$ cat query_34.csv   # CSV, C-alpha atoms
chain,number,residue,atom,x,y,z
A,188,MET,CA,49.8,168.5,108.7
A,189,VAL,CA,52.7,167.2,110.8
A,190,LYS,CA,55.6,165.9,108.8
A,191,VAL,CA,57.1,162.5,109.5
A,192,ASN,CA,60.7,161.4,109.5
A,193,GLU,CA,60.7,159.7,106.1
A,194,ASN,CA,63.9,157.9,106.8
A,195,TYR,CA,61.8,155.4,108.8
A,196,LEU,CA,60.0,154.6,105.5
A,197,LYS,CA,63.2,153.2,104.1
A,198,LEU,CA,63.0,150.3,106.5
A,199,LYS,CA,61.7,147.7,104.2
A,200,ALA,CA,60.4,145.4,107.0
A,201,GLY,CA,59.8,145.4,110.7
A,202,TYR,CA,62.8,145.1,113.0
A,203,LEU,CA,63.9,141.5,113.0
A,204,PHE,CA,62.8,140.4,116.5
A,205,PRO,CA,59.3,141.9,116.4
A,206,GLU,CA,58.9,140.2,113.1
A,207,ILE,CA,59.8,136.9,114.7
A,208,ALA,CA,57.4,137.7,117.5
A,209,ARG,CA,54.6,138.4,115.0
A,210,ARG,CA,55.2,135.0,113.2
A,211,VAL,CA,55.3,133.1,116.5
A,212,LYS,CA,52.1,134.8,117.7
A,213,ALA,CA,50.3,133.8,114.5
A,214,PHE,CA,51.5,130.2,114.9
A,215,GLN,CA,50.4,130.1,118.5
A,216,GLU,CA,46.9,131.4,117.6
A,217,ALA,CA,46.6,128.7,115.0
A,218,ASN,CA,48.2,126.0,117.2
A,219,PRO,CA,47.3,126.9,120.8
A,220,GLY,CA,48.5,123.6,122.3
A,221,ALA,CA,51.9,123.5,120.6
A,222,PRO,CA,54.8,123.4,123.2
A,223,LEU,CA,57.1,126.2,122.0
A,224,ILE,CA,60.8,126.4,122.9
A,225,ARG,CA,62.4,129.8,122.2
A,226,LEU,CA,66.0,129.8,121.2
A,227,GLY,CA,65.7,132.9,119.1
A,228,ILE,CA,66.0,136.2,120.9
A,229,GLY,CA,69.1,136.3,123.2
A,230,ASP,CA,67.1,136.9,126.4
A,231,VAL,CA,68.3,135.3,129.6
A,232,THR,CA,66.2,132.8,131.6
A,233,GLU,CA,68.1,132.2,134.9
A,234,PRO,CA,67.5,134.4,138.0
A,235,LEU,CA,69.6,137.4,138.9
A,236,PRO,CA,72.7,136.5,141.0
A,237,GLU,CA,71.9,136.5,144.7
A,238,ALA,CA,74.5,139.1,145.4
A,239,CYS,CA,72.7,141.5,143.0
A,240,ARG,CA,69.3,140.7,144.4
A,241,LEU,CA,70.5,141.4,148.0
A,242,ALA,CA,72.2,144.6,147.0
A,243,MET,CA,69.0,145.8,145.3
A,244,LYS,CA,66.9,144.9,148.3
A,245,ALA,CA,69.2,146.9,150.5
A,246,ALA,CA,69.1,149.8,148.1
A,247,ILE,CA,65.3,149.8,148.3
A,248,ASP,CA,65.6,150.0,152.0
A,249,ASP,CA,67.9,153.0,151.5
A,250,MET,CA,65.1,154.7,149.5
A,251,GLY,CA,62.9,154.4,152.6
A,252,ARG,CA,65.1,156.4,154.8
A,253,HIS,CA,65.5,160.2,154.7
A,254,GLU,CA,69.2,160.0,155.3
A,255,ASP,CA,69.8,157.5,152.5
A,256,PHE,CA,67.2,158.5,150.0
A,257,ARG,CA,68.3,159.3,146.4
A,258,GLY,CA,66.5,161.4,143.8
A,259,TYR,CA,68.2,162.3,140.5
A,260,GLY,CA,71.6,160.6,140.3
A,261,PRO,CA,74.5,161.7,138.2
A,262,GLU,CA,73.7,161.3,134.5
A,263,GLN,CA,77.1,159.6,134.0
A,264,GLY,CA,76.4,157.0,136.8
A,265,TYR,CA,77.3,156.9,140.5
A,266,ALA,CA,81.1,157.2,141.1
A,267,TRP,CA,81.2,153.9,143.1
A,268,LEU,CA,79.9,151.9,140.2
A,269,ARG,CA,82.1,153.6,137.6
A,270,GLU,CA,85.1,153.0,139.8
A,271,ALA,CA,84.3,149.3,140.2
A,272,ILE,CA,83.8,149.0,136.4
A,273,ALA,CA,87.1,150.7,135.7
A,274,ARG,CA,89.0,148.7,138.2
A,275,HIS,CA,87.6,145.2,137.4
A,276,ASP,CA,86.8,145.3,133.7
A,277,PHE,CA,89.7,147.4,132.4
A,278,GLN,CA,92.5,148.2,134.8
A,279,ALA,CA,92.8,144.6,135.8
A,280,ARG,CA,93.4,143.7,132.2
A,281,GLY,CA,96.0,146.4,131.7
A,282,CYS,CA,93.6,148.9,130.0
A,283,ALA,CA,94.3,152.6,130.9
A,284,ILE,CA,90.6,153.4,131.4
A,285,SER,CA,89.5,155.7,134.3
A,286,ALA,CA,86.1,155.9,136.0
A,287,GLU,CA,85.6,159.4,134.4
A,288,GLU,CA,85.6,157.7,131.0
A,289,ILE,CA,82.7,155.4,131.9
A,290,PHE,CA,79.1,156.4,131.3
A,291,VAL,CA,76.5,154.1,132.9
A,292,SER,CA,73.3,153.7,130.9
A,293,ASP,CA,70.1,151.6,130.5
A,294,GLY,CA,71.4,149.5,127.7
A,295,SER,CA,74.2,149.1,125.1
A,296,LYS,CA,71.5,148.8,122.4
A,297,CYS,CA,70.4,152.3,123.3
A,298,ASP,CA,73.9,153.6,123.5
A,299,SER,CA,75.0,152.1,120.1
A,300,SER,CA,72.1,154.0,118.6
A,301,ASN,CA,72.3,157.2,120.6
A,302,ILE,CA,76.0,157.6,119.8
A,303,LEU,CA,74.9,158.9,116.4
A,304,ASP,CA,73.7,162.1,118.2
A,305,ILE,CA,77.3,163.2,118.5
A,306,LEU,CA,78.5,162.1,115.1
A,307,GLY,CA,77.9,164.3,112.0
A,308,GLU,CA,76.4,163.5,108.7
A,309,GLY,CA,78.6,162.5,105.8
A,310,ASN,CA,80.6,159.8,107.7
A,311,ARG,CA,81.4,156.8,105.5
A,312,ILE,CA,80.1,153.8,107.5
A,313,ALA,CA,81.2,150.2,107.5
A,314,VAL,CA,79.3,147.3,109.1
A,315,THR,CA,80.0,143.6,109.1
A,316,ASP,CA,77.5,141.4,107.2
A,317,PRO,CA,75.7,139.7,109.0
A,318,VAL,CA,75.4,142.3,111.7
A,319,TYR,CA,73.3,143.2,114.8
A,320,PRO,CA,70.4,145.0,113.1
A,321,VAL,CA,70.5,148.0,115.4
A,322,TYR,CA,73.7,149.3,113.9
A,323,VAL,CA,72.2,149.5,110.4
A,324,ASP,CA,68.6,150.5,111.3
A,325,SER,CA,69.7,153.3,113.6
A,326,ASN,CA,71.7,154.8,110.8
A,327,VAL,CA,68.8,154.5,108.4
A,328,MET,CA,66.5,156.2,110.9
A,329,ALA,CA,69.0,159.0,111.3
A,330,GLY,CA,69.2,159.6,107.6
A,331,ARG,CA,72.7,158.4,107.2
A,332,THR,CA,72.0,155.9,104.4
A,333,GLY,CA,70.3,155.7,101.0
A,334,ASP,CA,67.5,153.3,100.1
A,335,ALA,CA,67.8,149.5,100.3
A,336,ASP,CA,68.4,147.4,97.3
A,337,GLY,CA,66.9,144.0,96.4
A,338,GLN,CA,69.1,142.3,99.0
A,339,GLY,CA,68.2,144.7,101.7
A,340,GLN,CA,71.6,146.5,101.7
A,341,TYR,CA,71.4,150.2,102.1
A,342,GLY,CA,73.2,152.7,99.9
A,343,GLY,CA,75.9,154.6,101.6
A,344,LEU,CA,77.0,151.7,103.8
A,345,THR,CA,80.1,149.6,103.2
A,346,TYR,CA,79.3,145.9,104.0
A,347,LEU,CA,82.1,143.6,105.1
A,348,PRO,CA,81.0,140.0,104.6
A,349,ILE,CA,81.9,137.5,107.4
A,350,THR,CA,81.2,134.0,106.3
A,351,ALA,CA,82.6,130.5,106.6
A,352,ALA,CA,84.6,131.3,103.4
A,353,ASN,CA,86.7,133.9,105.3
A,354,GLY,CA,86.6,132.2,108.6
A,355,PHE,CA,84.2,134.8,109.9
A,356,VAL,CA,87.1,137.3,110.1
A,357,ALA,CA,86.0,140.9,109.3
A,358,PRO,CA,88.0,142.1,106.3
A,359,LEU,CA,89.4,145.6,106.2
A,360,PRO,CA,87.5,147.9,103.8
A,361,SER,CA,89.0,148.2,100.3
A,362,THR,CA,88.1,151.9,100.4
A,363,PRO,CA,88.4,154.4,103.3
A,364,VAL,CA,85.6,154.6,105.8
A,365,ASP,CA,85.1,156.9,108.8
A,366,LEU,CA,82.9,154.9,111.2
A,367,ILE,CA,83.3,151.2,111.8
A,368,TYR,CA,80.9,148.9,113.8
A,369,LEU,CA,82.6,145.8,115.2
A,370,CYS,CA,81.0,143.3,117.6
A,371,PHE,CA,83.2,140.6,119.1
A,372,PRO,CA,82.4,138.0,120.3
A,373,ASN,CA,80.2,138.4,117.4
A,374,ASN,CA,76.4,138.6,117.3
A,375,PRO,CA,75.1,136.6,115.4
A,376,THR,CA,77.9,134.3,114.3
A,377,GLY,CA,79.6,133.7,117.7
A,378,ALA,CA,83.0,134.4,116.0
A,379,VAL,CA,85.8,136.0,117.9
A,380,ALA,CA,88.6,138.4,117.1
A,381,SER,CA,92.3,137.7,117.9
A,382,ARG,CA,94.6,140.4,119.2
A,383,ALA,CA,96.3,140.5,115.8
A,384,HIS,CA,93.0,141.0,114.0
A,385,LEU,CA,91.9,143.8,116.3
A,386,GLN,CA,95.4,145.4,116.0
A,387,GLN,CA,94.9,145.5,112.2
A,388,TRP,CA,91.6,147.4,112.8
A,389,VAL,CA,93.1,149.8,115.2
A,390,ASP,CA,96.0,150.5,112.9
A,391,TYR,CA,93.5,151.0,110.0
A,392,ALA,CA,91.4,153.4,112.1
A,393,ARG,CA,94.4,155.5,113.2
A,394,SER,CA,95.8,155.6,109.7
A,395,ASN,CA,92.4,156.8,108.2
A,396,GLY,CA,91.2,159.0,111.0
A,397,ALA,CA,88.3,156.5,111.6
A,398,LEU,CA,86.3,155.7,114.7
A,399,ILE,CA,85.6,152.1,115.8
A,400,LEU,CA,82.4,151.5,117.7
A,401,PHE,CA,83.2,148.3,119.5
A,402,ASP,CA,80.4,146.2,121.0
A,403,ALA,CA,81.7,143.9,123.7
A,404,ALA,CA,78.4,142.9,125.1
A,405,TYR,CA,79.4,139.2,125.1
A,406,GLU,CA,83.0,139.5,126.3
A,407,ALA,CA,82.3,137.7,129.6
A,408,PHE,CA,81.6,134.5,127.6
A,409,ILE,CA,85.1,134.3,126.1
A,410,GLN,CA,86.8,131.0,127.3
A,411,ASP,CA,90.2,131.3,125.6
A,412,PRO,CA,92.6,133.3,127.9
A,413,ASP,CA,94.6,134.5,124.9
A,414,LEU,CA,91.6,136.4,123.4
A,415,PRO,CA,91.1,140.1,124.2
A,416,HIS,CA,88.0,141.1,126.1
A,417,SER,CA,88.3,144.8,125.3
A,418,ILE,CA,89.4,146.9,122.3
A,419,TYR,CA,91.5,148.9,124.8
A,420,GLU,CA,93.8,145.9,125.3
A,421,ILE,CA,95.0,146.8,121.8
A,422,GLU,CA,97.8,149.4,121.5
A,423,GLY,CA,96.5,152.7,120.2
A,424,ALA,CA,92.8,151.9,120.7
A,425,ARG,CA,92.2,154.9,123.0
A,426,GLU,CA,92.9,157.1,120.0
A,427,CYS,CA,90.2,155.6,117.8
A,428,ALA,CA,87.6,153.6,119.7
A,429,ILE,CA,84.4,153.8,121.8
A,430,GLU,CA,83.4,150.6,123.6
A,431,PHE,CA,79.9,149.4,124.6
A,432,ARG,CA,79.4,147.0,127.5
A,433,SER,CA,76.3,145.5,129.2
A,434,PHE,CA,75.3,143.7,132.3
A,435,SER,CA,72.4,142.1,130.4
A,436,LYS,CA,73.9,138.8,129.4
A,437,ASN,CA,76.6,138.1,132.0
A,438,ALA,CA,74.5,139.0,135.0
A,439,GLY,CA,71.0,138.6,133.6
A,440,PHE,CA,70.1,142.3,133.6
A,441,THR,CA,68.0,142.1,130.4
A,442,GLY,CA,64.9,143.1,132.3
A,443,THR,CA,66.7,145.2,134.9
A,444,ARG,CA,68.6,147.4,132.4
A,445,CYS,CA,72.1,148.5,133.1
A,446,ALA,CA,75.1,148.9,130.8
A,447,PHE,CA,77.9,151.4,130.1
A,448,THR,CA,79.8,153.0,127.4
A,449,VAL,CA,83.5,153.9,127.5
A,450,VAL,CA,84.6,157.2,125.8
A,451,PRO,CA,88.3,157.9,126.4
A,452,ARG,CA,89.4,161.4,127.1
A,453,GLY,CA,91.4,162.8,124.2
A,454,LEU,CA,89.5,160.8,121.6
A,455,MET,CA,88.9,163.4,118.9
A,456,GLY,CA,86.5,164.1,116.0
A,457,GLN,CA,86.5,166.9,113.6
A,458,SER,CA,84.1,169.7,112.8
A,459,SER,CA,83.1,170.9,109.3
A,460,THR,CA,85.6,173.7,109.7
A,461,GLY,CA,88.5,171.3,110.6
A,462,GLU,CA,88.4,172.0,114.3
A,463,GLN,CA,89.4,169.1,116.6
A,464,VAL,CA,86.6,168.3,119.0
A,465,GLU,CA,86.8,165.9,122.0
A,466,LEU,CA,84.1,163.2,121.8
A,467,TRP,CA,84.0,162.8,125.6
A,468,GLY,CA,82.7,166.3,126.0
A,469,LEU,CA,80.0,165.8,123.3
A,470,TRP,CA,78.8,162.5,124.8
A,471,ASN,CA,78.8,164.0,128.3
A,472,ARG,CA,76.7,166.9,127.1
A,473,ARG,CA,74.3,164.5,125.2
A,474,GLN,CA,73.8,162.3,128.3
A,475,CYS,CA,73.3,165.4,130.6
A,476,THR,CA,70.7,166.8,128.1
A,477,LYS,CA,68.8,163.6,127.1
A,478,PHE,CA,69.3,161.1,129.9
A,479,ASN,CA,68.5,161.2,133.6
A,480,GLY,CA,70.6,158.2,134.6
A,481,VAL,CA,70.0,154.6,135.7
A,482,SER,CA,68.1,154.2,139.0
A,483,TYR,CA,70.1,154.0,142.3
A,484,VAL,CA,68.6,150.6,143.0
A,485,VAL,CA,69.7,149.1,139.7
A,486,GLN,CA,73.2,150.6,140.0
A,487,ARG,CA,73.7,149.0,143.4
A,488,GLY,CA,72.7,145.7,141.9
A,489,ALA,CA,75.3,146.2,139.1
A,490,GLU,CA,77.9,147.2,141.7
A,491,ALA,CA,77.4,143.8,143.4
A,492,VAL,CA,78.5,142.0,140.2
A,493,TYR,CA,82.0,143.0,141.2
A,494,SER,CA,81.8,141.6,144.8
A,495,ALA,CA,83.5,138.3,145.5
A,496,GLU,CA,80.2,136.6,145.7
A,497,GLY,CA,78.9,138.3,142.6
A,498,GLN,CA,81.9,137.3,140.6
A,499,LEU,CA,81.4,133.6,141.5
A,500,GLN,CA,77.7,133.8,140.8
A,501,VAL,CA,78.1,135.5,137.4
A,502,LYS,CA,80.7,133.0,136.5
A,503,ALA,CA,78.3,130.2,137.3
A,504,LEU,CA,75.7,131.8,135.1
A,505,ILE,CA,78.1,132.1,132.2
A,506,ASN,CA,79.2,128.5,132.6
A,507,PHE,CA,75.6,127.4,132.6
A,508,TYR,CA,74.8,129.1,129.3
A,509,MET,CA,78.1,128.0,127.7
A,510,GLU,CA,77.3,124.4,128.6
A,511,ASN,CA,73.9,124.9,126.8
A,512,ALA,CA,75.9,126.2,123.8
A,513,ALA,CA,78.1,123.1,123.9
A,514,ILE,CA,75.1,120.8,124.0
A,515,ILE,CA,73.6,122.6,121.0
A,516,ARG,CA,76.8,122.4,119.0
A,517,ARG,CA,77.3,118.7,119.9
A,518,GLU,CA,73.7,117.7,119.0
A,519,LEU,CA,73.5,119.7,115.8
A,520,THR,CA,76.8,118.4,114.6
A,521,ALA,CA,75.7,114.8,115.3
A,522,ALA,CA,72.6,115.5,113.4
A,523,GLY,CA,74.6,116.5,110.3
A,524,PHE,CA,74.4,120.2,110.5
A,525,GLU,CA,77.3,122.5,109.6
A,526,VAL,CA,77.9,124.4,112.9
A,527,TYR,CA,79.9,127.5,113.9
A,528,GLY,CA,80.2,129.6,117.1
A,529,GLY,CA,79.1,128.5,120.5
A,530,GLU,CA,82.6,128.1,121.9
A,531,GLN,CA,83.4,131.7,123.0
A,532,ALA,CA,79.9,133.1,122.8
A,533,PRO,CA,76.3,132.0,123.7
A,534,TYR,CA,75.2,131.8,120.0
A,535,VAL,CA,75.4,128.9,117.6
A,536,TRP,CA,75.4,129.7,113.9
A,537,LEU,CA,74.5,126.9,111.6
A,538,LYS,CA,74.1,126.4,107.9
A,539,THR,CA,70.6,125.7,106.8
A,540,PRO,CA,69.9,122.5,104.9
A,541,ALA,CA,70.4,122.5,101.2
A,542,GLY,CA,67.6,124.2,99.3
A,543,ILE,CA,66.1,125.9,102.3
A,544,ASP,CA,66.6,129.6,102.9
A,545,SER,CA,66.8,131.1,106.4
A,546,TRP,CA,63.2,132.2,106.8
A,547,GLY,CA,62.1,128.8,105.3
A,548,PHE,CA,64.1,127.0,107.9
A,549,PHE,CA,62.6,129.3,110.6
A,550,ASP,CA,59.1,128.3,109.5
A,551,GLN,CA,60.1,124.6,109.3
A,552,LEU,CA,61.5,124.6,112.8
A,553,LEU,CA,58.4,126.4,114.1
A,554,ASP,CA,55.9,124.2,112.3
A,555,ARG,CA,57.5,120.8,112.7
A,556,ALA,CA,59.7,121.1,115.9
A,557,HIS,CA,57.9,124.0,117.6
A,558,VAL,CA,61.4,125.6,118.1
A,559,VAL,CA,62.0,129.3,117.6
A,560,GLY,CA,65.3,130.5,116.2
A,561,THR,CA,66.6,133.5,114.3
A,562,PRO,CA,66.9,133.5,110.5
A,563,GLY,CA,70.3,134.6,109.3
A,564,SER,CA,69.0,136.8,106.6
A,565,GLY,CA,67.6,139.1,109.3
A,566,PHE,CA,71.1,140.0,110.1
A,567,GLY,CA,72.1,140.9,106.5
A,568,ALA,CA,72.4,139.6,103.0
A,569,ALA,CA,75.5,137.5,103.9
A,570,GLY,CA,73.4,135.8,106.6
A,571,GLU,CA,71.2,134.1,104.1
A,572,GLY,CA,71.6,130.4,104.3
A,573,TYR,CA,72.5,130.5,108.0
A,574,PHE,CA,70.5,130.4,111.2
A,575,ARG,CA,71.1,131.5,114.8
A,576,LEU,CA,70.2,129.5,117.9
A,577,SER,CA,70.6,131.0,121.4
A,578,ALA,CA,72.0,129.2,124.4
A,579,PHE,CA,69.9,131.3,126.7
A,580,ASN,CA,67.3,128.9,128.1
A,581,SER,CA,66.8,126.2,130.7
A,582,ARG,CA,68.8,123.0,130.4
A,583,ALA,CA,65.6,121.0,130.0
A,584,ASN,CA,64.4,123.2,127.2
A,585,VAL,CA,67.7,123.0,125.4
A,586,ASN,CA,67.8,119.3,125.6
A,587,GLU,CA,64.3,118.9,124.4
A,588,ALA,CA,64.9,121.3,121.5
A,589,MET,CA,67.9,119.3,120.4
A,590,THR,CA,65.8,116.1,120.5
A,591,ARG,CA,63.3,117.7,118.2
A,592,LEU,CA,65.9,119.2,115.8
A,593,ARG,CA,67.7,115.8,115.5
A,594,ALA,CA,64.4,114.2,114.7
A,595,LEU,CA,64.1,116.6,111.7
A,596,GLY,CA,67.5,115.6,110.3
A,597,THR,CA,69.2,117.7,107.6
$ encode --input "query_34.csv" --output "structure tokens"
Amino acid sequence: MVKVNENYLKLKAGYLFPEIARRVKAFQEANPGAPLIRLGIGDVTEPLPEACRLAMKAAIDDMGRHEDFRGYGPEQGYAWLREAIARHDFQARGCAISAEEIFVSDGSKCDSSNILDILGEGNRIAVTDPVYPVYVDSNVMAGRTGDADGQGQYGGLTYLPITAANGFVAPLPSTPVDLIYLCFPNNPTGAVASRAHLQQWVDYARSNGALILFDAAYEAFIQDPDLPHSIYEIEGARECAIEFRSFSKNAGFTGTRCAFTVVPRGLMGQSSTGEQVELWGLWNRRQCTKFNGVSYVVQRGAEAVYSAEGQLQVKALINFYMENAAIIRRELTAAGFEVYGGEQAPYVWLKTPAGIDSWGFFDQLLDRAHVVGTPGSGFGAAGEGYFRLSAFNSRANVNEAMTRLRALGT
């Protein structure tokens, strides 16, 4: 009989967001008339920017002409998109990143999992706690961890708690690690990292021969001009970091699928025999073997993000969602909740009322307010007692949800 990958059996529960969907479905079946408002999954609600839509429509017309038709594109992405990304997102901020070092993909969630294909077993792995579940679950599935304990923490992983007690600043590991997952602005807490904080991480990685996997999916929501948007704004980061970016949240591409990963030339790993190996070449081979590229139409839409019109329209989207976040912060604070985040990121992280755990608060909001959020414990043991609300929704829904939450009190 066919053998299964038993590492999947270590996953003690369903992936967080499908579990939320399961509970919501059960509630809707029992309460078919309940007017639900979803502030849980970070999915956008506003239409794609007009510049992107027009570019995609023109690209569809290209596909209808023999002289402009595209079949398979480059696995790394079309040069014109990679060059636009390099110029606007990195070189404009003083980062020495070239188009050659950018790999266009269908999602940073995919890339942050697929990157394990080029990284060997035996790496000591550090994750923040709470953490975006993909980082942990993909390592479990790949056999890079032991079993989970009673708190859901997996053997073989080093957990770095980020809580109100430490200002949501990720502490350096007390013992050496090889692979470090960092996400700033942070999902789920909405916390940010200063230049000094990231410099500490880069210095640590260089001193210990470690690799930072830096998820910057929410960098466009940073409001403070003094905060870094990319790990490559930090001296020495090219020697120790891979960065993941996405068009999903800034330009609304969650359903359109376009992202990219930056792998600097000269970034090295080591073989079991001690040979130095360039990670760029391994990732390039991985993509050429397992990925056929993002569609021409979608990449033209992504390219339009960098047009003058696209930049204005994307900024308007970001401002809209950040105003939602400000409303959530203001209303929850007025209602007596202890609130964090929501100032440099589209997520608000709140303390659950005394005596109520995070899944209990999820059920309470669903049952009594018909509002869907995300329980903090789903992001890790240190997330227990916290709850995430997303600013991705219409203004009317955000206002109504806050009215309902304020009626609950704390």
$ closest_residue --input "query_34.csv" --among "A:Arg393, A:Arg472, A:Arg209, A:Lys296" --to "Phe434 of chain A" --atoms "all atoms listed in the file"
A:Lys296
$ closest_residue --input "query_34.csv" --among "A:Phe214, A:Phe371, A:Phe277, A:Phe478" --to "Asp550 of chain A" --atoms "only C-alpha atoms"
A:Phe214
$ closest_atom_pairs --input "query_34.csv" --of "segment 408-428 of chain A" --to "segment 493-503 of chain A" --cutoff "12 Å" --atoms "only C-alpha atoms" --output "tab-separated table"
residue	atom	partner	partner_atom	distance
A:Phe408	CA	A:Lys502	CA	9.1
A:Ile409	CA	A:Lys502	CA	11.4
A:Gln410	CA	A:Lys502	CA	11.2
$ closest_residue --input "query_34.csv" --among "A:Gly264, A:Pro320, A:Gly560, A:Gly442" --to "Ala588 of chain A" --atoms "all atoms listed in the file"
A:Gly560
$ closest_residue --input "query_34.csv" --among "A:Val364, A:Ile302, A:Val327, A:Met589" --to "Val559 of chain A" --atoms "all atoms listed in the file"
A:Met589
$ closest_atom_pairs --input "query_34.csv" --of "segment 429-529 of chain A" --to "segment 337-354 of chain A" --cutoff "12 Å" --atoms "all atoms listed in the file" --output "Markdown table"
| residue | atom | partner | partner_atom | distance |
| --- | --- | --- | --- | --- |
| A:Glu525 | CA | A:Ala351 | CA | 10.1 |
| A:Val526 | CA | A:Ala351 | CA | 9.9 |
| A:Tyr527 | CA | A:Ala351 | CA | 8.3 |
| A:Gly528 | CA | A:Ala351 | CA | 10.8 |
$ atom_distance --input "query_34.csv" --atom1 "atom CA of Arg555 of chain A" --atom2 "atom CA of Ala378 of chain A"
29.1 Å
$ atom_distance --input "query_34.csv" --atom1 "atom CA of Ala513 of chain A" --atom2 "atom CA of Pro375 of chain A"
16.2 Å
$ atom_distance --input "query_34.csv" --atom1 "atom CA of Cys427 of chain A" --atom2 "atom CA of Asn373 of chain A"
19.9 Å
$ closest_atom_pairs --input "query_34.csv" --of "segment 205-255 of chain A" --to "segment 533-545 of chain A" --cutoff "10 Å" --atoms "only C-alpha atoms" --output "JSON lines"
{"residue": "A:Leu226", "atom": "CA", "partner": "A:Tyr534", "partner_atom": "CA", "distance": 9.5}
{"residue": "A:Gly227", "atom": "CA", "partner": "A:Tyr534", "partner_atom": "CA", "distance": 9.6}
{"residue": "A:Gly229", "atom": "CA", "partner": "A:Tyr534", "partner_atom": "CA", "distance": 8.2}
$ closest_residue --input "query_34.csv" --among "A:Arg432, A:Arg240, A:Arg425, A:Arg257" --to "Tyr483 of chain A" --atoms "all atoms listed in the file"
A:Arg257
$ residues_around --input "query_34.csv" --residues "Leu223 of chain A" --least-positions-apart "6" --cutoff "10 Å" --atoms "all atoms listed in the file" --output "list in words"
Val211, Phe214, Gln215, Leu553, Asp554, Ala556, His557, Val558, Val559, Asn584 and Ala588 of chain A
$ closest_residue --input "query_34.csv" --among "A:Ile421, A:Ala335, A:Ala522, A:Ala286" --to "Asn194 of chain A" --atoms "all atoms listed in the file"
A:Ala335
$ residues_around --input "query_34.csv" --residues "Phe440 of chain A" --least-positions-apart "6" --cutoff "9 Å" --atoms "all atoms listed in the file" --output "JSON, numbers by chain"
{"A": [231, 235, 433, 434, 446, 489]}
$ residues_around --input "query_34.csv" --residues "Ser394 of chain A" --least-positions-apart "4" --cutoff "10 Å" --atoms "all atoms listed in the file" --output "list in words"
Pro363, Trp388, Val389, Asp390 and Cys427 of chain A
$ residues_near_point --input "query_34.csv" --point "(62.2, 151.8, 108.8)" --cutoff "12 Å" --atoms "all atoms listed in the file" --output "compact mmCIF listing (two decimals) with C-alpha atoms, keeping the file's coordinate frame"
# COMPACT_ATOMS: atom_id res chain seq x y z
CA VAL A 191 57.10 162.50 109.50
CA ASN A 192 60.70 161.40 109.50
CA GLU A 193 60.70 159.70 106.10
CA ASN A 194 63.90 157.90 106.80
CA TYR A 195 61.80 155.40 108.80
CA LEU A 196 60.00 154.60 105.50
CA LYS A 197 63.20 153.20 104.10
CA LEU A 198 63.00 150.30 106.50
CA LYS A 199 61.70 147.70 104.20
CA ALA A 200 60.40 145.40 107.00
CA GLY A 201 59.80 145.40 110.70
CA TYR A 202 62.80 145.10 113.00
CA LEU A 203 63.90 141.50 113.00
CA PRO A 320 70.40 145.00 113.10
CA VAL A 321 70.50 148.00 115.40
CA VAL A 323 72.20 149.50 110.40
CA ASP A 324 68.60 150.50 111.30
CA SER A 325 69.70 153.30 113.60
CA ASN A 326 71.70 154.80 110.80
CA VAL A 327 68.80 154.50 108.40
CA MET A 328 66.50 156.20 110.90
CA ALA A 329 69.00 159.00 111.30
CA GLY A 330 69.20 159.60 107.60
CA THR A 332 72.00 155.90 104.40
CA GLY A 333 70.30 155.70 101.00
CA ASP A 334 67.50 153.30 100.10
CA ALA A 335 67.80 149.50 100.30
CA GLY A 339 68.20 144.70 101.70
CA TYR A 341 71.40 150.20 102.10
$ residues_around --input "query_34.csv" --residues "Pro415 of chain A" --least-positions-apart "3" --cutoff "9 Å" --atoms "only C-alpha atoms" --output "compact mmCIF listing (two decimals) with C-alpha atoms, keeping the file's coordinate frame"
# COMPACT_ATOMS: atom_id res chain seq x y z
CA ALA A 380 88.60 138.40 117.10
CA SER A 381 92.30 137.70 117.90
CA ARG A 382 94.60 140.40 119.20
CA LEU A 385 91.90 143.80 116.30
CA GLU A 406 83.00 139.50 126.30
CA ILE A 409 85.10 134.30 126.10
CA ASP A 411 90.20 131.30 125.60
CA PRO A 412 92.60 133.30 127.90
CA ILE A 418 89.40 146.90 122.30
CA TYR A 419 91.50 148.90 124.80
CA GLU A 420 93.80 145.90 125.30
CA ILE A 421 95.00 146.80 121.80
